[in-house]
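To keep things clear, I will list the structure first and then write my remarks on it.
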Amino acid sequence: MRASDSGGAGEDPFDEGGTGILRQPMAVWATTGASVVAFMGIGLVDPILPSIAKGLHASNSQVSLLFTSYFLITAVAMLVTGFVSSRIGGRKTLLAGLALVVVFAALSGTSSSVGELVGFRAGWGLGNALFVSTSLAVIVGAANPGVSRSDASRGGGGRRAGAAAILLYESALGLGMACGPLLGAVLGDMKWRYPFFGTAVLMAVGFIAITVFLKEQPRPARKTSVLDPLKALGHGGLASAAVSAFFYNYAFFTVLAFTPFVLDMSPYKSGGVFFAWGVLLAVFSVLVAPRVQERCGSLRVLGGSLVLLAVDLLVLGYGNHTTAVVCTILSGAFIGLNNTVFTELALGVSDAPRPVASAGYNFVRWFAAAAAPFLAPKIEEWTDAHIPFVVAALAALVGAGIVAVRRRALTLRAHELEPRHATEDGVSAFAN
């Protein structure tokens, strides 16, 4: 069940009324704006990877460790973000994450070696994990300042506001993924260090905005332990979703981290390609996915999209340069669909509270995001430039196979799970 389906029939989250997406409190806009910048940090380095390699005299595989260190720390941090936020509160967790990003993004711009840069990106990943893992629930909570959880679970204005806030968060994700490469291209064309400094400044603005506009959100009745996400993976449906997403993310981050080396374009041109890619990702995640899911069903959409992504990767790997550019952009559509459906599976397939289920799911899948940027250039060194895309396509097909084989375990029972989610959800959730 999509988060936006939680409202009543015929309710439009873009309605100009008091619960519409355009009538949110300043706290929601402040957190959403910072979320855009946080997601920008993921693809920021895409257009400047070749420039960084030249500037620091590093190989492609060494520079790709910028992604590996970032997402490896993010994966491990998934086990502690709920532990932290359930004890100090969502606002303080957001501010701690933003402060870490400001510091380590600025330090990244001062790096004199690829080793330093990789280390600073790891610290950046910790800050981003703390922020992103908490921002969705904080946005929803800030959109419902006077609505109790029990009222929200029964329906009405609280759920409509929550649906609009979640849609706003998904839009922030797409906008950040689209604008990150563009910012990296504009600033990186002058000097590869400038995108890191630019991100530090933007996140500092986000820190100030959240300090001023966001009040502390209610803490969950039950504190989350470090082991809770791992225990949640004992549920067959959640474990199946996480393992399938692991293979999907390998394919996803092969596109994101390895394709810039294959395209070998200037920062501006590479930034333009990944901006178009990000726009497709946003459109298909926010606008297209709900409609095709309603018509075809979530699991059919997911399986079909994974197969199409595999085909796209094979054509990308073996086509000419123009074909590679087109297929890179087109992959954004399939990635947008997959992101949306996988998130819903993670949040709705088990009876674990959403923050706990999400943490366990992300703990598994982000390891693939750490592995792909390192392995793809290595595979190219061992073979040729085509084989990394073959491996990524096979990974996407494995993900589709898991969805097909584990179909029964992945079937959503949202009407059974909603009461427990409504009463146990806390202040830490992590969407894509």
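Residues in the structure tokens are numbered from 1 in each chain, the chains being A, B, ... in the order shown, and ligands are numbered from 1 in the order shown.
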Write out as a tab-separated table the residues of segment 271-390 of chain A that have any atom within 8 Å of an atom of segment 81-89 of chain A, one row each with the nearest atom pair and its distance in Å to one decimal, counting only C-alpha atoms, sorted by chain and then rising number.
```
residue	atom	partner	partner_atom	distance
A:Pro355	CA	A:Gly82	CA	7.0
A:Val356	CA	A:Gly82	CA	7.2
A:Ala359	CA	A:Gly82	CA	7.6
```
Near Ile329 of chain A, within 10 Å and counting only C-alpha atoms, which residues show up once chain neighbours fewer than 6 positions away are dropped, as a list in words?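 Listed by chain and then number, they are Val255, Gly272, Val273, Phe274, Phe275, Ala276, Trp277, Gly278, Val279, Leu280, Leu281 and Thr323 of chain A.
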Put those residues in a file: N, CA and C atoms, as a PDB file, in the first residue's frame.
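Dumped to selection-v5.pdb:
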```
ATOM      1  N   VAL A 255      25.248   1.997 -12.380  1.00  0.00           N
ATOM      2  CA  VAL A 255      24.894   3.130 -13.236  1.00  0.00           C
ATOM      3  C   VAL A 255      25.412   4.433 -12.641  1.00  0.00           C
ATOM      4  N   GLY A 272      24.634  17.180 -17.189  1.00  0.00           N
ATOM      5  CA  GLY A 272      23.379  17.251 -17.937  1.00  0.00           C
ATOM      6  C   GLY A 272      22.739  15.891 -18.104  1.00  0.00           C
ATOM      7  N   VAL A 273      23.561  14.885 -18.393  1.00  0.00           N
ATOM      8  CA  VAL A 273      23.051  13.521 -18.553  1.00  0.00           C
ATOM      9  C   VAL A 273      22.410  13.044 -17.253  1.00  0.00           C
ATOM     10  N   PHE A 274      23.097  13.235 -16.142  1.00  0.00           N
ATOM     11  CA  PHE A 274      22.572  12.728 -14.878  1.00  0.00           C
ATOM     12  C   PHE A 274      21.467  13.622 -14.310  1.00  0.00           C
ATOM     13  N   PHE A 275      21.398  14.872 -14.756  1.00  0.00           N
ATOM     14  CA  PHE A 275      20.238  15.683 -14.405  1.00  0.00           C
ATOM     15  C   PHE A 275      18.985  15.122 -15.073  1.00  0.00           C
ATOM     16  N   ALA A 276      19.094  14.805 -16.371  1.00  0.00           N
ATOM     17  CA  ALA A 276      17.964  14.197 -17.080  1.00  0.00           C
ATOM     18  C   ALA A 276      17.597  12.852 -16.458  1.00  0.00           C
ATOM     19  N   TRP A 277      18.621  12.088 -16.081  1.00  0.00           N
ATOM     20  CA  TRP A 277      18.403  10.813 -15.385  1.00  0.00           C
ATOM     21  C   TRP A 277      17.625  11.034 -14.086  1.00  0.00           C
ATOM     22  N   GLY A 278      18.011  12.045 -13.321  1.00  0.00           N
ATOM     23  CA  GLY A 278      17.356  12.323 -12.056  1.00  0.00           C
ATOM     24  C   GLY A 278      15.930  12.822 -12.230  1.00  0.00           C
ATOM     25  N   VAL A 279      15.688  13.581 -13.293  1.00  0.00           N
ATOM     26  CA  VAL A 279      14.326  14.041 -13.567  1.00  0.00           C
ATOM     27  C   VAL A 279      13.409  12.853 -13.848  1.00  0.00           C
ATOM     28  N   LEU A 280      13.880  11.921 -14.669  1.00  0.00           N
ATOM     29  CA  LEU A 280      13.090  10.711 -14.932  1.00  0.00           C
ATOM     30  C   LEU A 280      12.860   9.927 -13.648  1.00  0.00           C
ATOM     31  N   LEU A 281      13.902   9.809 -12.835  1.00  0.00           N
ATOM     32  CA  LEU A 281      13.769   9.103 -11.560  1.00  0.00           C
ATOM     33  C   LEU A 281      12.669   9.745 -10.713  1.00  0.00           C
ATOM     34  N   THR A 323      24.157   5.698 -27.649  1.00  0.00           N
ATOM     35  CA  THR A 323      23.276   4.708 -27.032  1.00  0.00           C
ATOM     36  C   THR A 323      23.491   4.644 -25.528  1.00  0.00           C
TER      37      THR A 323
END
```
Given the choices A:Ala396, A:Ala77, A:Ile139, A:Leu100, which gets closest to Met26 of chain A if the distance is worked out from only C-alpha atoms? A:Ile139
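Residue nearest Ala27 of chain A, chosen from A:Ala232, A:Ala75, A:Leu183, A:Ile210 and counting only C-alpha atoms: A:Ile210.
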Distance criterion (only C-alpha atoms): nearest to Leu299 of chain A out of A:Val405, A:Ile48, A:Ala251, A:Leu98: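 The shortest atom-to-atom distance to Leu299 of chain A comes from A:Val405.
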What separation in Å, quoted to one decimal, exists between atom CA of Ala185 of chain A and atom CA of Asp264 of chain A? 13.4 Å
A:Ala142, A:Ile379, A:Ala352, A:Ala369: which is nearest Phe71 of chain A, counting only C-alpha atoms?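 The answer is A:Ala369, which sits nearest to Phe71 of chain A.
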Using only C-alpha atoms, find the one residue out of A:Ala395, A:Val28, A:Ala357, A:Ala96 that sits nearest to Glu344 of chain A. A:Ala357
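For the atom pair formed by atom CA of Gln24 of chain A and atom CA of Val140 of chain A, the distance is 10.3 Å, given to one decimal.
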Could you give me, as a PyMOL selection string, each residue of segment 61-253 of chain A that DSSP assigns to alpha helix (DSSP H) when run on this structure's backbone? chain A and resi 61-63+65-88+90-108+114-143+149-154+157-188+194-213+228-232+236-253
Select, from A:Ser270, A:Thr340, A:Thr199, A:Ser240, the residue with the minimum atom-to-atom distance to Leu302 of chain A, counting only C-alpha atoms.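 Of the candidates, the smallest distance to Leu302 of chain A is held by A:Thr340.
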